[in-house]
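**Q** For reference, the structure I am asking about is given below.
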2 protein chains.
Amino acid sequence: MVDILHRIGVTSSSPEAVYAALTTVDGLAGWWTEETDGDPGVGGVVRFRFDAGGFDMKVMESEPAERVRWEVVDGPEEWIGTRVGFDIKREDDFTIVLFRHEGWREPVEFMYHCSTKWATFLLSLKRMLETGTGEPAPRDVRISNWH
Amino acid sequence: MVDILHRIGVTSSSPEAVYAALTTVDGLAGWWTEETDGDPGVGGVVRFRFDAGGFDMKVMESEPAERVRWEVVDGPEEWIGTRVGFDIKREDDFTIVLFRHEGWREPVEFMYHCSTKWATFLLSLKRMLETGTGEPAPRDVRISNWH
């Protein structure tokens, strides 16, 4: 079992603001992909679309200012059934986000790519909360031939 | 067992140029940390220093334009004995780098941090090769209270 792990710290923000960016369509569209819709409440499904396809996430858990859990119910074969989690906490003058994308069956090359892309999107989340403007798709950071 | 995985693609470069950036003191100082010295040949030890400490890497393997392997021989306790690897290949118009930092004993919070930092340093490597200027420490991207 291999997981993708990341940690970022957001200044000039709060656990509540980070939580809103993870649990509202407008928030999610501001840092991951502009083409976001669906129901971000527990039990709902949020659809994220990109030029090359997308992901449908079922919201499994959502604890205000503390944590959000998704399960991938549609998307690339390697993603289906995997789980994405965000844990939020306050530390020093930062709101910390611990990110985990777990349940990958094999460390395929696509997983290497997704790990780096998640880092850039989490930095986009940080930037959105700190400056008001993130870098969601289609304005996302290009990291390779796989975009 | 948990590993840190990343994948980047560099344009306007070659496997030989990427390899040079991973196997020369000047190359390494251009994207990871300006305070780099030591012997980057096989069997040698390269010392990387940052404000908060650093890492000593023993070069275990070095195959021109193909791969580099290090073992961490000194640094933070969680890093000692872990292994860092870079695989290089050509794909489309990109030189692809597959990165792996393996052998972590536990997915401690520091590992989450290091995963995201590695992404920013690999993007620094990409930038250095594409534009001539990377973002090595102490000019590295700050991602949190842990820097």
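Letters A, B, ... go to the chains of the structure tokens in the order shown; residues in each chain start at 1; ligands are counted from 1 in the same order.
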As JSON, numbers by chain, which residues of segment 9-141 of chain A does DSSP assign to helix (DSSP H, G or I)?
**A** {"A": [15, 16, 17, 18, 19, 20, 21, 22, 23, 25, 26, 27, 28, 29, 109, 110, 111, 112, 113, 114, 115, 116, 117, 118, 119, 120, 121, 122, 123, 124, 125, 126, 127, 128, 129, 130, 131]}
**Q** Dump N, CA and C atoms for the selected residues as an mmCIF file, in the first residue's frame?
**A**
```cif
data_model
loop_
_atom_site.group_PDB
_atom_site.id
_atom_site.type_symbol
_atom_site.label_atom_id
_atom_site.label_comp_id
_atom_site.auth_asym_id
_atom_site.auth_seq_id
_atom_site.Cartn_x
_atom_site.Cartn_y
_atom_site.Cartn_z
ATOM 1 N N PRO A 15 -8.883 27.782 10.334
ATOM 2 C CA PRO A 15 -9.418 26.454 10.011
ATOM 3 C C PRO A 15 -10.791 26.536 9.339
ATOM 4 N N GLU A 16 -11.592 27.519 9.747
ATOM 5 C CA GLU A 16 -12.918 27.657 9.154
ATOM 6 C C GLU A 16 -12.823 28.042 7.668
ATOM 7 N N ALA A 17 -11.885 28.931 7.341
ATOM 8 C CA ALA A 17 -11.735 29.355 5.941
ATOM 9 C C ALA A 17 -11.200 28.216 5.082
ATOM 10 N N VAL A 18 -10.255 27.442 5.631
ATOM 11 C CA VAL A 18 -9.740 26.290 4.890
ATOM 12 C C VAL A 18 -10.866 25.283 4.671
ATOM 13 N N TYR A 19 -11.630 25.059 5.720
ATOM 14 C CA TYR A 19 -12.752 24.113 5.616
ATOM 15 C C TYR A 19 -13.745 24.561 4.534
ATOM 16 N N ALA A 20 -14.017 25.851 4.477
ATOM 17 C CA ALA A 20 -14.938 26.362 3.449
ATOM 18 C C ALA A 20 -14.379 26.128 2.046
ATOM 19 N N ALA A 21 -13.057 26.246 1.911
ATOM 20 C CA ALA A 21 -12.436 26.042 0.595
ATOM 21 C C ALA A 21 -12.491 24.577 0.156
ATOM 22 N N LEU A 22 -12.772 23.692 1.112
ATOM 23 C CA LEU A 22 -12.826 22.252 0.816
ATOM 24 C C LEU A 22 -14.257 21.725 0.740
ATOM 25 N N THR A 23 -15.211 22.558 1.109
ATOM 26 C CA THR A 23 -16.582 22.038 1.260
ATOM 27 C C THR A 23 -17.627 22.907 0.571
ATOM 28 N N VAL A 25 -18.648 24.571 -3.447
ATOM 29 C CA VAL A 25 -18.311 24.502 -4.870
ATOM 30 C C VAL A 25 -17.419 25.692 -5.258
ATOM 31 N N ASP A 26 -17.744 26.876 -4.785
ATOM 32 C CA ASP A 26 -16.919 28.044 -5.114
ATOM 33 C C ASP A 26 -15.508 27.903 -4.556
ATOM 34 N N GLY A 27 -15.403 27.420 -3.335
ATOM 35 C CA GLY A 27 -14.084 27.233 -2.738
ATOM 36 C C GLY A 27 -13.245 26.253 -3.531
ATOM 37 N N LEU A 28 -13.810 25.112 -3.831
ATOM 38 C CA LEU A 28 -13.077 24.071 -4.568
ATOM 39 C C LEU A 28 -12.699 24.553 -5.969
ATOM 40 N N ALA A 29 -13.610 25.306 -6.601
ATOM 41 C CA ALA A 29 -13.336 25.802 -7.950
ATOM 42 C C ALA A 29 -12.222 26.847 -7.951
ATOM 43 N N GLU A 109 3.271 4.778 -12.530
ATOM 44 C CA GLU A 109 3.873 6.073 -12.881
ATOM 45 C C GLU A 109 2.855 7.210 -12.750
ATOM 46 N N PHE A 110 1.599 6.916 -13.026
ATOM 47 C CA PHE A 110 0.539 7.923 -12.880
ATOM 48 C C PHE A 110 0.454 8.417 -11.426
ATOM 49 N N MET A 111 0.755 7.542 -10.484
ATOM 50 C CA MET A 111 0.742 7.950 -9.078
ATOM 51 C C MET A 111 1.865 8.959 -8.781
ATOM 52 N N TYR A 112 3.029 8.741 -9.368
ATOM 53 C CA TYR A 112 4.122 9.713 -9.224
ATOM 54 C C TYR A 112 3.638 11.094 -9.700
ATOM 55 N N HIS A 113 3.003 11.074 -10.882
ATOM 56 C CA HIS A 113 2.491 12.328 -11.457
ATOM 57 C C HIS A 113 1.452 12.973 -10.535
ATOM 58 N N CYS A 114 0.504 12.181 -10.077
ATOM 59 C CA CYS A 114 -0.571 12.739 -9.231
ATOM 60 C C CYS A 114 -0.011 13.310 -7.932
ATOM 61 N N SER A 115 1.025 12.695 -7.402
ATOM 62 C CA SER A 115 1.629 13.196 -6.169
ATOM 63 C C SER A 115 2.156 14.618 -6.363
ATOM 64 N N THR A 116 2.872 14.824 -7.464
ATOM 65 C CA THR A 116 3.426 16.164 -7.721
ATOM 66 C C THR A 116 2.310 17.156 -8.031
ATOM 67 N N LYS A 117 1.303 16.708 -8.802
ATOM 68 C CA LYS A 117 0.182 17.601 -9.117
ATOM 69 C C LYS A 117 -0.581 17.991 -7.844
ATOM 70 N N TRP A 118 -0.808 17.043 -6.950
ATOM 71 C CA TRP A 118 -1.478 17.391 -5.697
ATOM 72 C C TRP A 118 -0.698 18.479 -4.956
ATOM 73 N N ALA A 119 0.623 18.380 -4.956
ATOM 74 C CA ALA A 119 1.419 19.420 -4.284
ATOM 75 C C ALA A 119 1.126 20.788 -4.896
ATOM 76 N N THR A 120 1.088 20.844 -6.217
ATOM 77 C CA THR A 120 0.852 22.152 -6.847
ATOM 78 C C THR A 120 -0.570 22.642 -6.553
ATOM 79 N N PHE A 121 -1.538 21.742 -6.495
ATOM 80 C CA PHE A 121 -2.910 22.182 -6.196
ATOM 81 C C PHE A 121 -3.047 22.599 -4.728
ATOM 82 N N LEU A 122 -2.346 21.939 -3.832
ATOM 83 C CA LEU A 122 -2.398 22.357 -2.422
ATOM 84 C C LEU A 122 -1.720 23.717 -2.248
ATOM 85 N N LEU A 123 -0.671 23.970 -3.022
ATOM 86 C CA LEU A 123 -0.061 25.300 -2.985
ATOM 87 C C LEU A 123 -0.999 26.332 -3.622
ATOM 88 N N SER A 124 -1.814 25.890 -4.556
ATOM 89 C CA SER A 124 -2.847 26.761 -5.126
ATOM 90 C C SER A 124 -3.913 27.093 -4.070
ATOM 91 N N LEU A 125 -4.282 26.101 -3.271
ATOM 92 C CA LEU A 125 -5.215 26.331 -2.148
ATOM 93 C C LEU A 125 -4.626 27.358 -1.175
ATOM 94 N N LYS A 126 -3.353 27.156 -0.837
ATOM 95 C CA LYS A 126 -2.659 28.097 0.059
ATOM 96 C C LYS A 126 -2.675 29.511 -0.534
ATOM 97 N N ARG A 127 -2.331 29.586 -1.805
ATOM 98 C CA ARG A 127 -2.274 30.899 -2.455
ATOM 99 C C ARG A 127 -3.652 31.569 -2.500
ATOM 100 N N MET A 128 -4.670 30.773 -2.827
ATOM 101 C CA MET A 128 -6.021 31.334 -2.885
ATOM 102 C C MET A 128 -6.413 31.941 -1.543
ATOM 103 N N LEU A 129 -6.127 31.223 -0.458
ATOM 104 C CA LEU A 129 -6.522 31.697 0.862
ATOM 105 C C LEU A 129 -5.675 32.883 1.315
ATOM 106 N N GLU A 130 -4.438 32.936 0.868
ATOM 107 C CA GLU A 130 -3.543 34.017 1.314
ATOM 108 C C GLU A 130 -3.676 35.274 0.452
ATOM 109 N N THR A 131 -3.967 35.083 -0.828
ATOM 110 C CA THR A 131 -3.945 36.236 -1.746
ATOM 111 C C THR A 131 -5.277 36.498 -2.422
#
```
**Q** Using only C-alpha atoms and a cut-off of 7 Å, which residues of chain A sit close to chain B? Please list them as a VMD selection string.
**A** chain A and resid 2 to 3 5 to 10 94 112 to 113 115 to 116 119 143 to 145
**Q** Any idea what's packed within 8 Å of Phe55 of chain A, counting only C-alpha atoms, ignoring anything in its chain fewer than 3 positions away? Could you give it as a PyMOL selection string?
**A** chain A and resi 47-49+72-76
**Q** If you run DSSP on this backbone, which residues of chain B come out as strand (DSSP E or B), and could you give them as number ranges by chain?
**A** B: 2-10, 33, 35-38, 45-50, 53-63, 67-74, 83-91, 94-104, 137
**Q** Please produce an output containing C-alpha atoms for each residue in the selection, written as a tab-separated table (two decimals), in the first residue's frame.
**A**
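Output contents, as saved in again-v2.tsv:
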```
chain	number	residue	atom	x	y	z
B	2	VAL	CA	5.53	4.34	2.57
B	3	ASP	CA	7.42	6.17	-0.15
B	4	ILE	CA	7.45	9.69	-1.48
B	5	LEU	CA	6.94	9.65	-5.26
B	6	HIS	CA	7.07	12.47	-7.80
B	7	ARG	CA	7.22	12.93	-11.56
B	8	ILE	CA	8.23	16.03	-13.49
B	9	GLY	CA	9.01	16.67	-17.15
B	10	VAL	CA	11.60	19.15	-18.28
B	33	THR	CA	20.41	24.21	-1.66
B	35	GLU	CA	25.14	25.18	0.48
B	36	THR	CA	26.17	21.97	-1.28
B	37	ASP	CA	29.61	20.43	-1.25
B	38	GLY	CA	31.36	17.06	-1.22
B	45	VAL	CA	29.27	11.75	0.07
B	46	VAL	CA	27.51	14.99	-0.82
B	47	ARG	CA	26.60	17.39	1.99
B	48	PHE	CA	23.47	19.52	1.66
B	49	ARG	CA	22.96	22.28	4.25
B	50	PHE	CA	19.93	24.40	5.08
B	53	GLY	CA	20.27	21.49	9.41
B	54	GLY	CA	20.95	19.27	6.46
B	55	PHE	CA	21.54	15.89	4.88
B	56	ASP	CA	24.58	13.84	3.91
B	57	MET	CA	23.97	11.58	0.94
B	58	LYS	CA	26.20	8.71	-0.08
B	59	VAL	CA	26.11	8.15	-3.82
B	60	MET	CA	25.25	4.47	-4.31
B	61	GLU	CA	24.72	4.40	-8.06
B	62	SER	CA	25.11	6.80	-10.94
B	63	GLU	CA	24.33	5.81	-14.50
B	67	ARG	CA	19.65	7.09	-12.94
B	68	VAL	CA	21.11	8.30	-9.65
B	69	ARG	CA	20.72	6.65	-6.24
B	70	TRP	CA	21.64	8.09	-2.85
B	71	GLU	CA	21.48	6.73	0.67
B	72	VAL	CA	21.04	9.14	3.56
B	73	VAL	CA	23.99	8.67	5.90
B	74	ASP	CA	23.42	11.71	8.13
B	83	ARG	CA	17.10	6.13	-0.03
B	84	VAL	CA	16.57	8.72	-2.71
B	85	GLY	CA	16.42	7.83	-6.38
B	86	PHE	CA	16.04	9.64	-9.67
B	87	ASP	CA	15.21	7.82	-12.92
B	88	ILE	CA	15.59	9.77	-16.13
B	89	LYS	CA	14.02	9.07	-19.50
B	90	ARG	CA	12.95	10.83	-22.66
B	91	GLU	CA	9.24	11.02	-23.56
B	94	PHE	CA	10.24	16.15	-22.32
B	95	THR	CA	12.97	14.70	-20.18
B	96	ILE	CA	11.06	12.89	-17.47
B	97	VAL	CA	12.35	12.52	-13.92
B	98	LEU	CA	10.79	9.84	-11.72
B	99	PHE	CA	11.69	10.56	-8.12
B	100	ARG	CA	11.40	8.22	-5.15
B	101	HIS	CA	12.35	8.74	-1.51
B	102	GLU	CA	11.88	5.33	0.06
B	103	GLY	CA	12.49	3.45	3.27
B	104	TRP	CA	10.56	5.72	5.64
B	137	ALA	CA	17.48	27.20	-0.38
```
**Q** Atom CA of Gly134 of chain A to atom CA of Trp31 of chain A: how many Å, to one decimal?
**A**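 Atom CA of Gly134 of chain A sits 4.9 Å away from atom CA of Trp31 of chain A.
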**Q** Expressed in Å to a single decimal, how great is the separation between atom CA of Asp140 of chain A and atom CA of Glu34 of chain A?
**A**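 Interatomic distance, atom CA of Asp140 of chain A to atom CA of Glu34 of chain A: 10.1 Å.
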**Q** Using only C-alpha atoms, find the one residue out of A:Asp51, A:Ser12, A:Pro64, A:Thr133 that sits nearest to Thr24 of chain A.
**A**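 Of all the options, A:Pro64 lies closest to Thr24 of chain A.
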